[in-house]
file upload.cif (mmCIF, C-alpha atoms and all ligand atoms)
data_run
loop_
_atom_site.group_PDB
_atom_site.id
_atom_site.type_symbol
_atom_site.label_atom_id
_atom_site.label_comp_id
_atom_site.auth_asym_id
_atom_site.auth_seq_id
_atom_site.Cartn_x
_atom_site.Cartn_y
_atom_site.Cartn_z
ATOM 1 C CA MET A 1 72.155 -32.616 -8.419
ATOM 2 C CA VAL A 2 75.588 -33.528 -9.738
ATOM 3 C CA LYS A 3 76.434 -36.843 -11.347
ATOM 4 C CA TYR A 4 79.856 -38.239 -10.542
ATOM 5 C CA SER A 5 82.387 -38.226 -13.325
ATOM 6 C CA HIS A 6 85.230 -40.711 -13.382
ATOM 7 C CA ASN A 7 87.949 -38.166 -12.756
ATOM 8 C CA GLN A 8 86.297 -36.736 -9.672
ATOM 9 C CA LYS A 9 88.338 -37.150 -6.503
ATOM 10 C CA ASN A 10 87.064 -38.986 -3.433
ATOM 11 C CA MET A 11 84.454 -40.954 -5.317
ATOM 12 C CA PRO A 12 82.318 -42.767 -2.775
ATOM 13 C CA GLU A 13 81.638 -45.816 -4.982
ATOM 14 C CA GLN A 14 84.140 -48.046 -3.162
ATOM 15 C CA LYS A 15 82.787 -47.104 0.240
ATOM 16 C CA LEU A 16 79.202 -47.671 -0.922
ATOM 17 C CA LYS A 17 79.752 -51.174 -2.343
ATOM 18 C CA LYS A 18 78.245 -52.890 0.712
ATOM 19 C CA TYR A 19 75.300 -50.498 0.672
ATOM 20 C CA ALA A 20 74.543 -51.131 -2.997
ATOM 21 C CA ALA A 21 75.019 -54.916 -2.717
ATOM 22 C CA LYS A 22 72.254 -55.162 -0.111
ATOM 23 C CA ARG A 23 69.612 -53.311 -2.105
ATOM 24 C CA ASP A 24 67.592 -53.689 -5.294
ATOM 25 C CA PHE A 25 66.942 -50.138 -6.483
ATOM 26 C CA LYS A 26 64.169 -51.322 -8.781
ATOM 27 C CA ARG A 27 62.226 -52.321 -5.672
ATOM 28 C CA THR A 28 63.220 -49.831 -2.975
ATOM 29 C CA SER A 29 62.856 -46.061 -3.239
ATOM 30 C CA GLU A 30 66.044 -45.534 -1.188
ATOM 31 C CA PRO A 31 68.679 -43.464 -3.027
ATOM 32 C CA SER A 32 71.200 -45.440 -5.088
ATOM 33 C CA GLY A 33 74.056 -43.078 -4.267
ATOM 34 C CA LYS A 34 74.760 -42.416 -7.947
ATOM 35 C CA ARG A 35 73.791 -38.800 -7.458
ATOM 36 C CA ARG A 36 74.660 -36.612 -4.546
ATOM 37 C CA PRO A 37 72.904 -33.595 -3.132
ATOM 38 C CA ALA A 38 74.613 -30.273 -3.652
ATOM 39 C CA LYS A 39 76.769 -28.690 -0.961
ATOM 40 C CA MET A 40 76.430 -30.600 2.246
ATOM 41 C CA LYS A 41 79.016 -30.036 4.927
ATOM 42 C CA ASN A 42 79.305 -31.776 8.301
ATOM 43 C CA TYR A 43 75.759 -33.005 7.926
ATOM 44 C CA PHE A 44 74.222 -35.385 10.446
ATOM 45 C CA VAL A 45 70.922 -37.206 10.470
ATOM 46 C CA ILE A 46 69.241 -39.650 12.822
ATOM 47 C CA GLN A 47 66.673 -41.854 11.121
ATOM 48 C CA LYS A 48 64.083 -43.727 13.159
ATOM 49 C CA HIS A 49 63.724 -47.088 11.445
ATOM 50 C CA ASP A 50 60.924 -49.488 12.199
ATOM 51 C CA ALA A 51 62.504 -52.628 10.728
ATOM 52 C CA THR A 52 62.605 -56.061 12.419
ATOM 53 C CA ASN A 53 63.430 -54.115 15.579
ATOM 54 C CA LEU A 54 62.809 -50.388 15.976
ATOM 55 C CA HIS A 55 66.145 -48.555 16.100
ATOM 56 C CA TYR A 56 67.734 -45.196 15.368
ATOM 57 C CA ASP A 57 70.338 -44.855 12.611
ATOM 58 C CA LEU A 58 72.899 -42.156 13.377
ATOM 59 C CA ARG A 59 74.699 -40.942 10.249
ATOM 60 C CA LEU A 60 77.587 -38.473 10.073
ATOM 61 C CA GLN A 61 78.872 -37.007 6.844
ATOM 62 C CA ILE A 62 82.533 -37.947 6.691
ATOM 63 C CA GLY A 63 84.014 -37.173 3.300
ATOM 64 C CA ASN A 64 81.509 -38.042 0.594
ATOM 65 C CA VAL A 65 79.507 -40.664 2.489
ATOM 66 C CA LEU A 66 77.406 -40.973 5.621
ATOM 67 C CA ALA A 67 79.250 -43.092 8.210
ATOM 68 C CA SER A 68 76.454 -44.948 10.000
ATOM 69 C CA TRP A 69 75.605 -46.581 13.330
ATOM 70 C CA ALA A 70 72.417 -48.393 14.347
ATOM 71 C CA VAL A 71 71.515 -47.364 17.889
ATOM 72 C CA PRO A 72 68.822 -49.720 19.251
ATOM 73 C CA LYS A 73 67.776 -47.409 22.108
ATOM 74 C CA GLY A 74 68.435 -44.134 20.320
ATOM 75 C CA PRO A 75 70.415 -41.166 21.652
ATOM 76 C CA SER A 76 69.981 -40.068 25.269
ATOM 77 C CA THR A 77 70.370 -36.579 26.734
ATOM 78 C CA ASP A 78 71.534 -38.107 30.034
ATOM 79 C CA PRO A 79 75.352 -38.226 30.302
ATOM 80 C CA LYS A 80 75.124 -41.188 32.709
ATOM 81 C CA VAL A 81 73.625 -43.374 29.978
ATOM 82 C CA LYS A 82 75.757 -45.436 27.576
ATOM 83 C CA HIS A 83 73.890 -46.752 24.562
ATOM 84 C CA LEU A 84 75.168 -49.408 22.202
ATOM 85 C CA ALA A 85 75.796 -48.153 18.643
ATOM 86 C CA ILE A 86 76.563 -50.758 15.981
ATOM 87 C CA ARG A 87 78.605 -49.471 13.047
ATOM 88 C CA VAL A 88 76.899 -50.420 9.790
ATOM 89 C CA GLU A 89 77.756 -49.854 6.143
ATOM 90 C CA ASP A 90 78.385 -46.319 4.846
ATOM 91 C CA HIS A 91 75.340 -44.759 3.198
ATOM 92 C CA PRO A 92 75.180 -42.260 0.302
ATOM 93 C CA LEU A 93 74.822 -38.573 1.192
ATOM 94 C CA ALA A 94 71.388 -38.479 -0.423
ATOM 95 C CA TYR A 95 70.177 -41.008 2.169
ATOM 96 C CA GLY A 96 70.112 -38.265 4.797
ATOM 97 C CA ASP A 97 66.917 -36.884 3.309
ATOM 98 C CA PHE A 98 65.175 -40.237 2.882
ATOM 99 C CA GLU A 99 61.874 -40.634 4.658
ATOM 100 C CA GLY A 100 59.436 -43.294 3.527
ATOM 101 C CA THR A 101 58.858 -47.013 3.470
ATOM 102 C CA ILE A 102 61.227 -49.748 2.337
ATOM 103 C CA PRO A 103 59.142 -52.629 0.913
ATOM 104 C CA ALA A 104 58.683 -55.700 3.104
ATOM 105 C CA GLY A 105 61.141 -58.425 2.122
ATOM 106 C CA GLU A 106 63.774 -55.913 1.012
ATOM 107 C CA TYR A 107 66.856 -55.236 3.124
ATOM 108 C CA GLY A 108 65.825 -53.061 6.096
ATOM 109 C CA GLY A 109 62.148 -53.346 5.114
ATOM 110 C CA GLY A 110 59.968 -50.970 7.152
ATOM 111 C CA THR A 111 59.300 -47.303 7.773
ATOM 112 C CA VAL A 112 62.104 -44.715 7.890
ATOM 113 C CA MET A 113 61.690 -41.279 9.493
ATOM 114 C CA VAL A 114 64.118 -38.336 9.506
ATOM 115 C CA TRP A 115 63.920 -38.059 13.301
ATOM 116 C CA ASP A 116 66.607 -35.378 13.679
ATOM 117 C CA LYS A 117 68.942 -33.557 11.327
ATOM 118 C CA GLY A 118 71.421 -30.721 11.289
ATOM 119 C CA THR A 119 75.160 -30.181 11.313
ATOM 120 C CA TYR A 120 77.936 -31.292 13.625
ATOM 121 C CA ASP A 121 81.294 -29.870 14.697
ATOM 122 C CA ASN A 122 84.341 -32.072 15.189
ATOM 123 C CA LEU A 123 85.640 -31.158 18.658
ATOM 124 C CA ARG A 124 88.900 -33.134 18.432
ATOM 125 C CA VAL A 125 90.241 -31.182 15.464
ATOM 126 C CA ALA A 126 90.398 -27.987 17.550
ATOM 127 C CA LYS A 127 91.978 -29.617 20.616
ATOM 128 C CA PRO A 128 95.620 -28.667 21.216
ATOM 129 C CA GLY A 129 97.822 -31.741 20.851
ATOM 130 C CA ASP A 130 95.086 -33.724 19.151
ATOM 131 C CA GLY A 131 93.796 -32.223 15.925
ATOM 132 C CA ALA A 132 92.239 -35.465 14.632
ATOM 133 C CA ASP A 133 90.017 -35.008 11.604
ATOM 134 C CA MET A 134 86.875 -37.147 11.296
ATOM 135 C CA GLU A 135 88.549 -39.850 9.174
ATOM 136 C CA LYS A 136 91.210 -40.278 11.853
ATOM 137 C CA SER A 137 88.629 -40.174 14.674
ATOM 138 C CA LEU A 138 86.715 -42.953 12.913
ATOM 139 C CA ARG A 139 89.867 -45.065 12.482
ATOM 140 C CA GLN A 140 90.873 -44.529 16.114
ATOM 141 C CA GLY A 141 87.409 -45.356 17.411
ATOM 142 C CA LEU A 142 86.993 -42.042 19.230
ATOM 143 C CA ILE A 143 84.627 -39.419 17.850
ATOM 144 C CA GLU A 144 83.873 -36.244 19.796
ATOM 145 C CA ILE A 145 81.317 -33.986 18.178
ATOM 146 C CA ARG A 146 78.864 -31.237 18.950
ATOM 147 C CA LEU A 147 75.444 -31.669 17.339
ATOM 148 C CA ASN A 148 73.446 -28.735 16.085
ATOM 149 C CA GLY A 149 70.209 -30.568 15.387
ATOM 150 C CA LYS A 150 66.553 -29.709 15.644
ATOM 151 C CA LYS A 151 66.230 -31.956 18.693
ATOM 152 C CA LEU A 152 69.736 -32.904 19.766
ATOM 153 C CA LYS A 153 72.229 -30.240 20.786
ATOM 154 C CA GLY A 154 75.641 -30.212 22.352
ATOM 155 C CA GLY A 155 78.399 -32.742 22.778
ATOM 156 C CA TYR A 156 78.163 -36.448 21.991
ATOM 157 C CA ASN A 157 80.934 -39.039 22.050
ATOM 158 C CA LEU A 158 81.137 -42.244 20.051
ATOM 159 C CA ILE A 159 83.636 -44.700 21.509
ATOM 160 C CA LYS A 160 84.597 -48.001 19.920
ATOM 161 C CA THR A 161 84.504 -50.889 22.394
ATOM 162 C CA LYS A 162 86.009 -54.331 22.308
ATOM 163 C CA GLY A 163 83.030 -56.563 21.780
ATOM 164 C CA PHE A 164 80.657 -55.025 24.319
ATOM 165 C CA GLY A 165 77.012 -55.832 23.645
ATOM 166 C CA GLY A 166 77.647 -58.769 21.367
ATOM 167 C CA ALA A 167 78.173 -56.701 18.232
ATOM 168 C CA GLY A 168 81.843 -57.673 18.028
ATOM 169 C CA LYS A 169 84.203 -55.460 16.068
ATOM 170 C CA ASN A 170 81.429 -53.073 15.041
ATOM 171 C CA SER A 171 80.444 -52.283 18.609
ATOM 172 C CA TRP A 172 80.617 -48.647 19.770
ATOM 173 C CA LEU A 173 78.989 -46.670 22.586
ATOM 174 C CA LEU A 174 77.096 -43.415 22.160
ATOM 175 C CA LEU A 175 77.265 -41.039 25.130
ATOM 176 C CA LYS A 176 76.012 -37.535 25.820
ATOM 177 C CA ALA A 177 78.894 -35.292 26.921
ATOM 178 C CA LYS A 178 78.474 -33.266 30.112
ATOM 179 C CA ASP A 179 77.568 -29.773 28.981
ATOM 180 C CA GLU A 180 74.748 -27.243 29.193
ATOM 181 C CA PHE A 181 72.587 -29.427 26.908
ATOM 182 C CA ALA A 182 72.875 -32.521 29.114
ATOM 183 C CA HIS A 183 69.603 -33.308 30.829
ATOM 184 C CA ALA A 184 68.631 -36.480 32.676
ATOM 185 C CA LYS A 185 64.937 -36.207 31.858
ATOM 186 C CA MET A 186 64.660 -34.437 28.515
ATOM 187 C CA GLU A 187 64.849 -37.707 26.521
ATOM 188 C CA PRO A 188 63.656 -36.561 23.079
ATOM 189 C CA VAL A 189 63.416 -40.179 21.851
ATOM 190 C CA LYS A 190 60.467 -40.542 24.209
ATOM 191 C CA HIS A 191 58.983 -37.048 24.176
ATOM 192 C CA GLN A 192 59.619 -35.861 20.582
ATOM 193 C CA PRO A 193 58.716 -38.911 18.497
ATOM 194 C CA ASN A 194 57.815 -37.208 15.203
ATOM 195 C CA SER A 195 59.779 -36.313 12.076
ATOM 196 C CA ALA A 196 62.155 -33.331 12.038
ATOM 197 C CA LYS A 197 61.571 -33.160 8.270
ATOM 198 C CA SER A 198 57.797 -33.470 7.847
ATOM 199 C CA GLY A 199 56.377 -33.430 11.367
ATOM 200 C CA LYS A 200 54.763 -36.801 10.597
ATOM 201 C CA SER A 201 54.489 -39.764 12.951
ATOM 202 C CA MET A 202 55.731 -43.227 11.933
ATOM 203 C CA LYS A 203 52.112 -44.243 11.232
ATOM 204 C CA GLN A 204 51.544 -41.219 8.988
ATOM 205 C CA ILE A 205 54.753 -41.942 7.033
ATOM 206 C CA ALA A 206 53.759 -45.598 6.633
ATOM 207 C CA LYS A 207 50.336 -44.550 5.297
ATOM 208 C CA SER A 208 51.582 -41.910 2.885
ATOM 209 C CA ILE A 209 53.003 -44.271 0.264
HETATM 210 MN MN MN B 1 68.345 -49.139 10.028
#
call {"tool": "encode", "arguments": {"input": "upload.cif", "output": "structure tokens"}}
result
Amino acid sequence: MVKYSHNQKNMPEQKLKKYAAKRDFKRTSEPSGKRRPAKMKNYFVIQKHDATNLHYDLRLQIGNVLASWAVPKGPSTDPKVKHLAIRVEDHPLAYGDFEGTIPAGEYGGGTVMVWDKGTYDNLRVAKPGDGADMEKSLRQGLIEIRLNGKKLKGGYNLIKTKGFGGAGKNSWLLLKAKDEFAHAKMEPVKHQPNSAKSGKSMKQIAKSI
């Protein structure tokens, strides 16, 4: 674990202001973001979060933070399905490993599971005539990645919309790309409900505090 020093480049503090403002770290066991885990590269995590409404939080390491989207229906393996993904505040890198319970009454109160995790590849950066890095893809509202997760594999696209689904300027769509991992009936959200980190169910995580 490395603590940030003031002369370190790309400090995530600015990007994590919204994250920190919403949370009281004396009350929640979520990471404060003051420390970062060693050596993570192109990390992704999907956290199943049983808050007011059950949803799936997709997080992609971009620079020194986890860019984040709340996906109410979770990711699909069916390329015909478009699921709403609402961009939310950047989270600290250490959040990717967080599994546990946020106290009731705190922001996002409820159980959090590491539902899937792994690495991703940016597909746009290798495309001739494109070459967009992840920061640019995020700004342009077009992210094309390949996931190498425990459950999810292959291409996924995140496309910024103009107000679709009532989430206004933070509204994106998450789509499975057509490739060898596309499958209309695989649907891991339904058939693989447990943690990719601990193997636990939501109930078991909620009990183990
Ligand atoms: Mn959430």
call {"tool": "residues_around", "arguments": {"input": "upload.cif", "residues": "stretch 98-106 of chain A", "least_positions_apart": "4", "cutoff": "12 Å", "atoms": "all atoms listed in the file", "output": "MDAnalysis selection string"}}
result
chainID A and resid 21:33 37 45:52 57 91:94 110:117 194:209
call {"tool": "atom_distance", "arguments": {"input": "upload.cif", "atom1": "atom CA of A:Asn122", "atom2": "atom CA of A:Thr77"}}
result
18.7 Å
call {"tool": "atom_distance", "arguments": {"input": "upload.cif", "atom1": "atom CA of A:Tyr56", "atom2": "atom CA of A:Pro193"}}
result
11.4 Å
call {"tool": "closest_residue", "arguments": {"input": "upload.cif", "among": "A:Arg59, A:Tyr95, A:Lys39, A:Gly108", "to": "ligand MN 1 (chain B)", "atoms": "only C-alpha atoms and all ligand atoms"}}
result
A:Gly108
call {"tool": "closest_residue", "arguments": {"input": "upload.cif", "among": "A:Gly141, A:Pro79, A:Pro72, A:Pro128", "to": "A:Asn170", "atoms": "all atoms listed in the file"}}
result
A:Gly141
call {"tool": "closest_residue", "arguments": {"input": "upload.cif", "among": "A:Leu173, A:Ala85, A:Ala70, A:Ala184", "to": "ligand MN 1 (chain B)", "atoms": "only C-alpha atoms and all ligand atoms"}}
result
A:Ala70
